[in-house]
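Reproduced below: upload_31.tsv, with TSV, C-alpha atoms.
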```tsv
chain	number	residue	atom	x	y	z
A	1	MET	CA	126.40	258.75	-12.12
A	2	THR	CA	125.03	257.79	-8.70
A	3	LYS	CA	126.86	254.88	-7.10
A	4	LEU	CA	124.31	252.25	-6.09
A	5	THR	CA	124.05	249.60	-3.43
A	6	VAL	CA	122.13	246.73	-4.99
A	7	VAL	CA	120.86	243.62	-3.21
A	8	GLN	CA	119.89	240.62	-5.32
A	9	VAL	CA	117.84	237.96	-3.53
A	10	LEU	CA	117.31	234.31	-4.49
A	11	PRO	CA	116.96	230.96	-2.69
A	12	SER	CA	120.47	229.57	-3.25
A	13	LEU	CA	123.60	229.77	-5.37
A	14	ALA	CA	123.99	226.12	-6.34
A	15	SER	CA	123.63	226.10	-10.15
A	16	GLY	CA	121.26	227.20	-12.90
A	17	GLY	CA	120.50	230.09	-15.21
A	18	VAL	CA	119.02	232.40	-12.56
A	19	GLU	CA	122.07	231.88	-10.36
A	20	ARG	CA	124.49	232.53	-13.22
A	21	GLY	CA	122.61	235.69	-14.15
A	22	THR	CA	122.88	236.86	-10.56
A	23	LEU	CA	126.66	236.42	-10.66
A	24	GLU	CA	126.94	238.20	-13.99
A	25	VAL	CA	125.00	241.22	-12.74
A	26	GLY	CA	127.00	241.27	-9.49
A	27	LYS	CA	130.31	241.21	-11.34
A	28	PHE	CA	129.20	244.00	-13.69
A	29	LEU	CA	128.00	246.18	-10.81
A	30	THR	CA	131.33	245.96	-9.03
A	31	GLN	CA	133.22	246.63	-12.24
A	32	GLN	CA	131.17	249.82	-12.64
A	33	GLY	CA	131.99	250.93	-9.09
A	34	HIS	CA	128.69	249.96	-7.47
A	35	ARG	CA	128.22	247.80	-4.40
A	36	SER	CA	126.80	244.35	-5.09
A	37	ILE	CA	125.26	242.21	-2.34
A	38	VAL	CA	123.57	238.83	-2.80
A	39	ILE	CA	121.34	237.24	-0.16
A	40	SER	CA	120.80	233.48	-0.44
A	41	ALA	CA	121.21	230.21	1.44
A	42	GLY	CA	124.56	229.72	-0.30
A	43	GLY	CA	125.89	227.00	-2.59
A	44	ARG	CA	128.77	226.11	-4.87
A	45	LEU	CA	128.75	229.50	-6.66
A	46	VAL	CA	129.36	231.63	-3.55
A	47	LYS	CA	133.15	231.46	-3.87
A	48	LYS	CA	133.00	232.65	-7.46
A	49	LEU	CA	130.55	235.41	-6.53
A	50	THR	CA	132.78	236.82	-3.78
A	51	ARG	CA	135.92	236.41	-5.88
A	52	GLN	CA	134.27	238.67	-8.48
A	53	GLY	CA	133.75	241.43	-5.90
A	54	SER	CA	130.22	240.89	-4.61
A	55	GLU	CA	129.32	240.34	-0.96
A	56	HIS	CA	127.25	237.35	0.10
A	57	ILE	CA	124.86	237.27	3.05
A	58	SER	CA	123.89	233.74	4.03
A	59	CYS	CA	120.19	233.52	4.85
A	60	PRO	CA	117.54	230.79	4.33
A	61	ILE	CA	115.29	233.32	2.60
A	62	GLY	CA	113.93	230.73	0.16
A	63	ARG	CA	113.03	228.07	2.74
A	64	LYS	CA	109.35	227.20	2.42
A	65	SER	CA	108.40	227.53	6.07
A	66	LEU	CA	106.46	230.05	8.15
A	67	LEU	CA	109.68	230.43	10.15
A	68	THR	CA	111.14	232.27	7.16
A	69	LEU	CA	108.96	235.24	8.17
A	70	ARG	CA	111.37	235.68	11.06
A	71	GLN	CA	113.87	237.01	8.54
A	72	ILE	CA	111.81	240.18	8.01
A	73	PRO	CA	113.11	242.18	11.04
A	74	LYS	CA	116.71	241.15	10.26
A	75	LEU	CA	116.32	242.09	6.60
A	76	ARG	CA	114.76	245.43	7.53
A	77	ARG	CA	117.69	246.30	9.80
A	78	PHE	CA	120.16	245.25	7.13
A	79	LEU	CA	118.55	247.27	4.32
A	80	LEU	CA	118.46	250.39	6.47
A	81	SER	CA	121.94	250.06	7.97
A	82	GLU	CA	123.54	249.43	4.56
A	83	LYS	CA	121.50	252.21	2.86
A	84	VAL	CA	120.45	249.86	0.09
A	85	ASP	CA	119.13	251.54	-3.07
A	86	ILE	CA	117.73	248.58	-5.01
A	87	VAL	CA	116.30	245.23	-3.92
A	88	HIS	CA	116.09	242.86	-6.88
A	89	ALA	CA	114.10	239.68	-6.19
A	90	ARG	CA	114.58	236.74	-8.54
A	91	SER	CA	112.34	234.09	-6.95
A	92	ARG	CA	108.89	233.96	-5.39
A	93	LEU	CA	109.39	233.29	-1.69
A	94	PRO	CA	112.38	235.67	-1.41
A	95	ALA	CA	110.27	238.23	-3.29
A	96	TRP	CA	107.47	237.90	-0.70
A	97	ILE	CA	109.92	238.32	2.20
A	98	CYS	CA	111.42	241.40	0.53
A	99	TYR	CA	108.01	242.87	-0.33
A	100	LEU	CA	106.72	242.46	3.23
A	101	THR	CA	109.96	243.87	4.62
A	102	LEU	CA	109.87	246.94	2.39
A	103	LYS	CA	106.30	247.68	3.49
A	104	THR	CA	107.65	248.19	7.04
A	105	ILE	CA	110.17	250.85	5.95
A	106	PRO	CA	109.14	254.53	5.70
A	107	HIS	CA	108.74	255.55	2.09
A	108	ARG	CA	111.63	258.05	2.07
A	109	GLN	CA	114.08	255.43	3.35
A	110	ARG	CA	112.70	252.49	1.39
A	111	PRO	CA	114.85	250.81	-1.29
A	112	ARG	CA	113.24	250.46	-4.68
A	113	PHE	CA	111.86	247.03	-5.54
A	114	ILE	CA	112.54	245.18	-8.80
A	115	THR	CA	111.51	241.65	-9.77
A	116	THR	CA	112.52	239.40	-12.64
A	117	VAL	CA	110.04	236.88	-14.02
A	118	HIS	CA	112.35	234.04	-15.05
A	119	GLY	CA	109.69	231.53	-16.05
A	120	PRO	CA	105.98	230.79	-16.50
A	121	TYR	CA	105.22	230.14	-12.84
A	122	SER	CA	101.92	228.49	-11.89
A	123	VAL	CA	99.25	231.19	-12.05
A	124	ASN	CA	98.09	232.03	-8.52
A	125	ALA	CA	98.31	234.68	-5.80
A	126	TYR	CA	101.63	233.30	-4.60
A	127	SER	CA	103.24	233.76	-8.03
A	128	ALA	CA	101.67	237.21	-8.46
A	129	ILE	CA	104.40	238.64	-6.22
A	130	MET	CA	106.75	238.52	-9.20
A	131	THR	CA	104.62	241.19	-10.88
A	132	LYS	CA	104.72	243.53	-7.84
A	133	GLY	CA	108.07	245.11	-8.58
A	134	GLU	CA	108.12	248.80	-9.41
A	135	LYS	CA	109.79	247.53	-12.57
A	136	VAL	CA	109.30	243.93	-13.71
A	137	ILE	CA	112.03	242.47	-15.90
A	138	VAL	CA	110.81	239.82	-18.36
A	139	ILE	CA	113.46	237.67	-20.04
A	140	SER	CA	111.69	236.97	-23.34
A	141	GLU	CA	108.64	237.92	-25.38
A	142	MET	CA	107.12	234.61	-24.27
A	143	ILE	CA	107.35	235.70	-20.62
A	144	ARG	CA	106.10	239.19	-21.41
A	145	GLU	CA	102.99	237.68	-23.03
A	146	TYR	CA	102.55	235.26	-20.13
A	147	VAL	CA	102.58	238.10	-17.57
A	148	LEU	CA	100.16	240.26	-19.57
A	149	ARG	CA	97.81	237.32	-20.17
A	150	HIS	CA	97.59	236.16	-16.56
A	151	TYR	CA	98.06	239.24	-14.39
A	152	GLN	CA	96.66	242.75	-14.17
A	153	VAL	CA	99.91	244.55	-14.92
A	154	ASN	CA	100.53	247.87	-16.60
A	155	SER	CA	102.56	246.97	-19.70
A	156	ASP	CA	104.70	250.09	-19.18
A	157	LYS	CA	106.07	248.49	-16.00
A	158	LEU	CA	107.43	245.49	-17.93
A	159	GLN	CA	111.03	245.69	-19.14
A	160	LEU	CA	112.04	243.15	-21.79
A	161	ASN	CA	115.67	242.23	-21.18
A	162	TYR	CA	116.87	239.14	-23.01
A	163	ARG	CA	119.48	236.99	-21.31
A	164	GLY	CA	122.80	237.21	-23.10
A	165	VAL	CA	125.92	235.19	-23.71
A	166	ASP	CA	129.47	236.36	-23.05
A	167	THR	CA	131.27	235.87	-26.36
A	168	ALA	CA	134.59	235.94	-24.48
A	169	ASP	CA	133.48	232.77	-22.64
A	170	PHE	CA	131.81	231.24	-25.72
A	171	PRO	CA	133.89	232.49	-28.68
A	172	PHE	CA	132.85	231.69	-32.23
A	173	GLY	CA	134.83	228.76	-33.61
A	174	PHE	CA	136.22	227.70	-30.23
A	175	GLN	CA	137.96	224.32	-30.07
A	176	PRO	CA	138.82	222.43	-26.86
A	177	SER	CA	142.49	222.18	-25.94
A	178	VAL	CA	144.45	218.97	-26.56
A	179	GLN	CA	144.81	218.55	-22.78
A	180	TRP	CA	141.05	218.83	-22.29
A	181	GLN	CA	140.39	216.30	-25.05
A	182	GLU	CA	142.89	213.84	-23.55
A	183	SER	CA	141.20	214.17	-20.16
A	184	TRP	CA	137.76	213.75	-21.72
A	185	TYR	CA	138.65	210.61	-23.70
A	186	GLN	CA	140.35	209.13	-20.66
A	187	GLN	CA	137.08	209.54	-18.76
A	188	PHE	CA	134.76	208.66	-21.66
A	189	PRO	CA	136.74	206.46	-24.09
A	190	GLN	CA	133.51	205.25	-25.69
A	191	THR	CA	133.08	208.70	-27.31
A	192	ARG	CA	136.35	208.68	-29.27
A	193	ASP	CA	135.99	208.88	-33.07
A	194	LYS	CA	132.21	209.12	-32.78
A	195	ILE	CA	129.69	211.56	-34.24
A	196	LEU	CA	128.65	213.29	-31.05
A	197	LEU	CA	125.14	214.68	-30.68
A	198	CYS	CA	124.56	216.56	-27.45
A	199	LEU	CA	121.52	217.21	-25.27
A	200	PRO	CA	122.62	219.53	-22.44
A	201	ALA	CA	119.77	219.54	-19.91
A	202	ARG	CA	119.25	218.45	-16.34
A	203	ILE	CA	117.58	215.07	-15.98
A	204	THR	CA	113.88	215.85	-15.69
A	205	ARG	CA	110.87	214.65	-17.66
A	206	TRP	CA	110.09	217.79	-19.65
A	207	LYS	CA	113.64	218.39	-20.89
A	208	GLY	CA	113.24	215.97	-23.79
A	209	GLN	CA	115.53	213.06	-22.99
A	210	GLN	CA	112.94	210.55	-24.25
A	211	ASP	CA	112.76	212.18	-27.69
A	212	PHE	CA	116.57	212.39	-27.81
A	213	ILE	CA	116.92	208.67	-27.02
A	214	GLU	CA	114.48	207.74	-29.80
A	215	LEU	CA	116.36	210.04	-32.18
A	216	ILE	CA	119.77	208.49	-31.46
A	217	ALA	CA	118.28	205.00	-31.76
A	218	ALA	CA	116.90	205.85	-35.22
A	219	LEU	CA	120.04	207.64	-36.45
A	220	SER	CA	122.41	204.89	-35.27
A	221	LYS	CA	120.67	202.42	-37.55
A	222	ILE	CA	121.68	204.62	-40.47
A	223	ASN	CA	125.12	205.56	-39.11
A	224	PRO	CA	126.48	203.37	-36.28
A	225	GLN	CA	129.04	206.08	-35.37
A	226	VAL	CA	126.32	208.33	-33.93
A	227	HIS	CA	126.66	208.74	-30.16
A	228	GLY	CA	124.37	210.67	-27.81
A	229	LEU	CA	125.73	212.80	-24.96
A	230	ILE	CA	123.21	213.49	-22.20
A	231	VAL	CA	124.81	216.26	-20.14
A	232	GLY	CA	123.18	217.40	-16.91
A	233	GLU	CA	122.75	216.70	-13.24
A	234	THR	CA	120.17	214.38	-11.71
A	235	LYS	CA	118.68	215.93	-8.59
A	236	PRO	CA	117.69	213.52	-5.77
A	237	GLY	CA	113.98	213.61	-6.67
A	238	LYS	CA	114.69	212.60	-10.29
A	239	LYS	CA	116.51	209.30	-9.73
A	240	ARG	CA	113.41	207.33	-10.72
A	241	TYR	CA	113.16	209.20	-14.01
A	242	LEU	CA	116.87	208.58	-14.69
A	243	GLN	CA	116.21	204.86	-14.15
A	244	GLU	CA	113.26	205.04	-16.53
A	245	ILE	CA	115.32	206.47	-19.39
A	246	THR	CA	118.29	204.16	-18.81
A	247	ASP	CA	115.84	201.24	-18.84
A	248	ARG	CA	114.53	202.50	-22.18
A	249	ILE	CA	118.07	202.62	-23.59
A	250	ALA	CA	118.66	199.05	-22.41
A	251	GLU	CA	115.34	197.96	-23.93
A	252	LEU	CA	116.55	199.34	-27.27
A	253	ASN	CA	119.95	197.64	-26.72
A	254	MET	CA	121.59	201.05	-27.24
A	255	GLN	CA	123.82	201.28	-24.14
A	256	SER	CA	126.98	201.68	-26.24
A	257	HIS	CA	125.45	204.68	-28.07
A	258	PHE	CA	124.88	206.91	-25.00
A	259	THR	CA	127.00	208.65	-22.41
A	260	PHE	CA	125.54	210.27	-19.30
A	261	THR	CA	128.05	212.81	-17.98
A	262	GLY	CA	126.18	214.20	-14.97
A	263	HIS	CA	126.81	217.83	-13.99
A	264	ARG	CA	129.72	219.37	-15.92
A	265	SER	CA	131.39	222.76	-15.58
A	266	ASP	CA	133.05	222.33	-19.03
A	267	ILE	CA	129.86	222.44	-21.08
A	268	ARG	CA	131.53	224.86	-23.53
A	269	ASP	CA	134.13	222.24	-24.51
A	270	ILE	CA	131.54	219.47	-24.73
A	271	MET	CA	129.29	221.50	-27.03
A	272	ALA	CA	132.24	222.69	-29.11
A	273	MET	CA	133.21	219.12	-30.02
A	274	SER	CA	129.59	218.05	-30.68
A	275	HIS	CA	128.31	217.92	-34.24
A	276	ILE	CA	124.83	219.13	-33.25
A	277	VAL	CA	123.41	220.49	-29.97
A	278	TYR	CA	119.72	219.92	-29.19
A	279	SER	CA	117.00	221.69	-27.21
A	280	LEU	CA	114.02	219.34	-27.06
A	281	SER	CA	112.05	220.60	-24.06
A	282	THR	CA	108.46	219.48	-24.31
A	283	GLU	CA	107.35	222.67	-22.52
A	284	PRO	CA	108.43	226.12	-23.77
A	285	GLU	CA	111.61	227.43	-22.15
A	286	ALA	CA	111.36	230.93	-20.75
A	287	PHE	CA	114.64	231.72	-22.50
A	288	GLY	CA	117.17	228.86	-22.50
A	289	ARG	CA	120.79	229.89	-22.25
A	290	ILE	CA	122.40	226.67	-23.45
A	291	PRO	CA	121.20	226.83	-27.09
A	292	LEU	CA	122.42	230.42	-27.30
A	293	GLU	CA	125.83	229.46	-25.92
A	294	ALA	CA	126.10	226.66	-28.51
A	295	LEU	CA	125.16	229.06	-31.33
A	296	SER	CA	127.72	231.55	-30.02
A	297	LEU	CA	130.38	228.84	-30.40
A	298	GLY	CA	129.23	228.34	-33.99
A	299	ARG	CA	127.68	224.94	-33.30
A	300	PRO	CA	124.42	224.02	-35.07
A	301	VAL	CA	121.36	223.82	-32.82
A	302	ILE	CA	118.14	221.91	-33.51
A	303	ALA	CA	115.32	222.97	-31.21
A	304	TYR	CA	111.59	222.65	-30.78
A	305	ASN	CA	109.86	225.74	-32.10
A	306	HIS	CA	108.44	227.32	-28.96
A	307	GLY	CA	109.34	229.64	-26.12
A	308	GLY	CA	112.44	231.76	-25.71
A	309	VAL	CA	114.62	229.25	-27.60
A	310	ALA	CA	112.50	229.80	-30.71
A	311	GLU	CA	113.01	233.57	-30.32
A	312	GLN	CA	116.77	232.99	-30.43
A	313	LEU	CA	116.81	230.62	-33.38
A	314	ASN	CA	114.38	232.74	-35.37
A	315	ARG	CA	117.02	235.48	-35.32
A	316	ILE	CA	120.17	233.35	-35.68
A	317	LEU	CA	119.43	229.93	-37.24
A	318	PRO	CA	115.73	229.55	-38.13
A	319	ALA	CA	116.43	226.38	-40.15
A	320	GLY	CA	117.06	224.60	-36.84
A	321	LEU	CA	113.46	224.93	-35.64
A	322	ILE	CA	111.26	221.82	-35.56
A	323	THR	CA	107.58	221.49	-34.66
A	324	PRO	CA	107.50	220.25	-31.04
A	325	GLY	CA	107.22	216.47	-30.90
A	326	ASP	CA	107.66	215.95	-34.67
A	327	LYS	CA	110.10	213.03	-34.51
A	328	VAL	CA	110.12	212.49	-38.28
A	329	ALA	CA	111.18	216.09	-38.93
A	330	LEU	CA	113.71	215.88	-36.09
A	331	GLN	CA	115.33	212.81	-37.60
A	332	ALA	CA	115.28	214.25	-41.13
A	333	LYS	CA	116.87	217.54	-40.08
A	334	SER	CA	119.53	215.74	-38.06
A	335	LEU	CA	120.45	213.48	-41.01
A	336	GLN	CA	120.54	216.45	-43.36
A	337	TRP	CA	122.89	218.39	-41.08
A	338	LEU	CA	125.15	215.40	-40.44
A	339	ILE	CA	125.68	215.20	-44.21
A	340	THR	CA	125.81	218.95	-44.86
A	341	PRO	CA	126.39	221.01	-41.68
A	342	PRO	CA	124.73	224.43	-41.83
A	343	GLU	CA	126.66	227.68	-41.62
A	344	VAL	CA	125.94	229.22	-38.24
A	345	PRO	CA	126.05	233.03	-38.35
A	346	LYS	CA	127.60	234.94	-35.46
A	347	ASN	CA	125.22	235.92	-32.68
A	348	GLN	CA	124.80	239.70	-32.83
A	349	GLU	CA	121.65	240.24	-30.78
A	350	PHE	CA	121.84	238.32	-27.53
A	351	SER	CA	124.95	239.69	-25.84
A	352	LEU	CA	125.73	239.58	-22.15
A	353	GLN	CA	126.98	243.17	-22.29
A	354	SER	CA	123.62	244.38	-23.61
A	355	MET	CA	121.74	242.49	-20.87
A	356	LEU	CA	123.99	243.94	-18.16
A	357	GLU	CA	123.76	247.51	-19.44
A	358	ASN	CA	119.98	247.22	-19.65
A	359	THR	CA	119.81	245.90	-16.07
A	360	LEU	CA	121.91	248.76	-14.73
A	361	ALA	CA	119.80	251.28	-16.67
A	362	ILE	CA	116.68	249.85	-15.00
A	363	TYR	CA	118.33	250.19	-11.57
A	364	HIS	CA	119.31	253.79	-12.29
A	365	SER	CA	115.82	254.63	-13.55
A	366	LEU	CA	114.46	253.91	-10.06
A	367	ALA	CA	117.36	254.71	-7.76
A	368	VAL	CA	116.75	257.36	-5.11
A	369	PRO	CA	119.53	259.96	-5.43
A	370	GLU	CA	119.67	260.61	-1.68
A	371	LYS	CA	118.56	258.62	1.31
A	372	ALA	CA	116.86	260.29	4.21
A	373	SER	CA	119.07	260.12	7.25
```
Serialized structure, structure tokens:
Amino acid sequence: MTKLTVVQVLPSLASGGVERGTLEVGKFLTQQGHRSIVISAGGRLVKKLTRQGSEHISCPIGRKSLLTLRQIPKLRRFLLSEKVDIVHARSRLPAWICYLTLKTIPHRQRPRFITTVHGPYSVNAYSAIMTKGEKVIVISEMIREYVLRHYQVNSDKLQLNYRGVDTADFPFGFQPSVQWQESWYQQFPQTRDKILLCLPARITRWKGQQDFIELIAALSKINPQVHGLIVGETKPGKKRYLQEITDRIAELNMQSHFTFTGHRSDIRDIMAMSHIVYSLSTEPEAFGRIPLEALSLGRPVIAYNHGGVAEQLNRILPAGLITPGDKVALQAKSLQWLITPPEVPKNQEFSLQSMLENTLAIYHSLAVPEKAS
């Protein structure tokens, strides 16, 4: 099979699902003998990326400034000199820079252009770039429907490729080590011997922290051992919202029933020791990796019934789906599962390996066998 040189492009490699997916694809490409290059402004994941065999080119390709257009001649020279086969854009501004660059390259020497629509972007001409790939990867049926509803796109161009979870990283029945637990309880002694309910989500208004706080407040009146874990980073622009929700907890006099952990790289261990994991986003998630990772561990998940998360639970644990915003049903389901935990079947459908093989097949379907010299 033709060995490919693939460039993935995104704003940065700090954290997040898009960034993790980029690393997973890069690692798989190198394992299969292909050349993997990532162009971004960098971030905490660069070391891991390069350790796994990919190359990283540092470039402010996602900076929202007209000066970013200056990257086009540099990118053109790079794509030609490295004989790149595939350019895979994962974000809007980088996609525009790549698209404009590729237009300057003669057709016979031009890399093929792929985009992934990772979310329901605001509908406008700027976002339309994500539908301009020769193939457009959509990460859920929700996103497929969104693209077809809002853009004039040939449905044959769309490639549904669900995100997947690596069952080696999130094995069914996993339990944290004694050493990890000792470290955890040393840092968060207030969580020892508690019934831990976990909301893993960055601190932002639509991720459902308000509903989670009201849920824990209600449940703790019935069982004082209930304790809420709010796991996720607070970006600089969200400090006011963090203050708002901590004020609400204080107003309810519930400070002893909540732990804010901030960003954690050990989310697997935290979810594995939680009784229930929640996904309470008030807006539909394009896919939502965290609920799938929790299910892969065998942990029960209660989620609002919309978006990509609903697609997962419908196949694995449909009993965990709740009408969005229905706090009565949310409380009732939580109480029911605290008394009688559900059996969580093994995830068979959403595997990382399947996602990676599908991605590579899409690359190969477009790859030019020979470059013009």
* Asked: Could you name the residues that touch A:Cys98 at 9 Å or less, counting only C-alpha atoms, but leaving out those on the same chain fewer than 6 positions away, as a PyMOL selection string?
  -> chain A and resi 9+72+75-76+87-89+113
* To do: Mind checking which residues fall within 7 Å of stretch 46-60 of chain A, counting only C-alpha atoms, ignoring those fewer than 4 positions away in the same chain, and posting them as a list of chain:residue names?
  => A:Leu13, A:Leu23, A:Gly26, A:Lys27, A:Thr30, A:Ser36, A:Ile37, A:Val38, A:Ile39, A:Ser40, A:Ala41, A:Gly42
* Mind checking which residues fall within 10 Å of stretch 321-326 of chain A, counting all atoms listed in the file, ignoring those fewer than 5 positions away in the same chain, and posting them as a list in words? =>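 In the requested form, the answer reads Gly208, Asp211, Ser279, Leu280, Ser281, Thr282, Glu283, Pro284, Val301, Ile302, Ala303, Tyr304, Asn305, His306, Val309, Ala310, Leu313, Asn314, Gln331 and Lys333 of chain A.
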* Quick one: everything within 10 Å of A:Tyr99, counting all atoms listed in the file, minus sequence neighbours fewer than 2 positions away in the same chain. Send it as a PyMOL selection string. => chain A and resi 72+87+89+93-97+101-104+113-114+129-130+132-133
* Separation of atom CA of A:Asn161 from atom CA of A:Thr359, in Å and rounded to one decimal -> 7.5 Å
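Checking A:Pro200, A:Gly320, A:Pro176, A:Gly62 one by one against A:Gly262, counting only C-alpha atoms, you find the shortest gap at A:Pro200.
The space separating atom CA of A:Ile276 from atom CA of A:Leu229 comes to 10.5 Å.
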* To do: Could you check how far atom CA of A:Glu82 sits from atom CA of A:Leu4, in Å to one decimal?
  =>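 It comes out at 11.0 Å.
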* Close residues, A:Leu79 itself excluded, 9 Å, only C-alpha atoms, min 5 positions apart in chain, as number ranges by chain -> A: 7, 74, 84-85, 87, 102, 110-111
Go through stretch 225-311 of chain A residue by residue and, counting all atoms listed in the file, keep those with an atom at most 9 Å from stretch 140-148 of chain A; for each kept residue give the shortest atom pair and its distance in Å to one decimal, ordered by chain and increasing number, as JSON lines.
```
{"residue": "A:Pro284", "atom": "CA", "partner": "A:Met142", "partner_atom": "CA", "distance": 8.6}
{"residue": "A:Glu285", "atom": "CA", "partner": "A:Met142", "partner_atom": "CA", "distance": 8.7}
{"residue": "A:Ala286", "atom": "CA", "partner": "A:Ile143", "partner_atom": "CA", "distance": 6.2}
{"residue": "A:Phe287", "atom": "CA", "partner": "A:Ser140", "partner_atom": "CA", "distance": 6.1}
{"residue": "A:His306", "atom": "CA", "partner": "A:Met142", "partner_atom": "CA", "distance": 8.8}
{"residue": "A:Gly307", "atom": "CA", "partner": "A:Met142", "partner_atom": "CA", "distance": 5.7}
{"residue": "A:Gly308", "atom": "CA", "partner": "A:Ser140", "partner_atom": "CA", "distance": 5.8}
{"residue": "A:Glu311", "atom": "CA", "partner": "A:Ser140", "partner_atom": "CA", "distance": 7.9}
```
* Structure fact -> In terms of all atoms listed in the file, the residue from A:Gly43, A:Gly164, A:Gly119, A:Pro189 at minimal distance from A:Leu352 is A:Gly164
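Considering the residues A:Ile86, A:Leu100, A:Met355, A:Leu29 and counting all atoms listed in the file, A:Thr68 has its shortest atom-to-atom contact with A:Leu100.
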* **Minimum-distance residue to A:Gln210, chosen among A:Lys327, A:His227, A:His118, A:Arg90 (using all atoms listed in the file)** =>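 Among A:Lys327, A:His227, A:His118, A:Arg90, it is A:Lys327 that comes nearest to A:Gln210.
Using all atoms listed in the file for every distance, the candidate list A:Asp156, A:Glu134, A:Glu343, A:Asp169 yields A:Asp169 as the residue closest to A:Asp266.
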Hey, can I get the axis-aligned box for stretch 144-162 of chain A? All listed atoms, 5 Å padding on each side, centre and edge lengths in Å to one decimal, as lines of an AutoDock Vina configuration file.
```
center_x = 106.8
center_y = 242.7
center_z = -18.6
size_x = 30.2
size_y = 24.8
size_z = 18.9
```
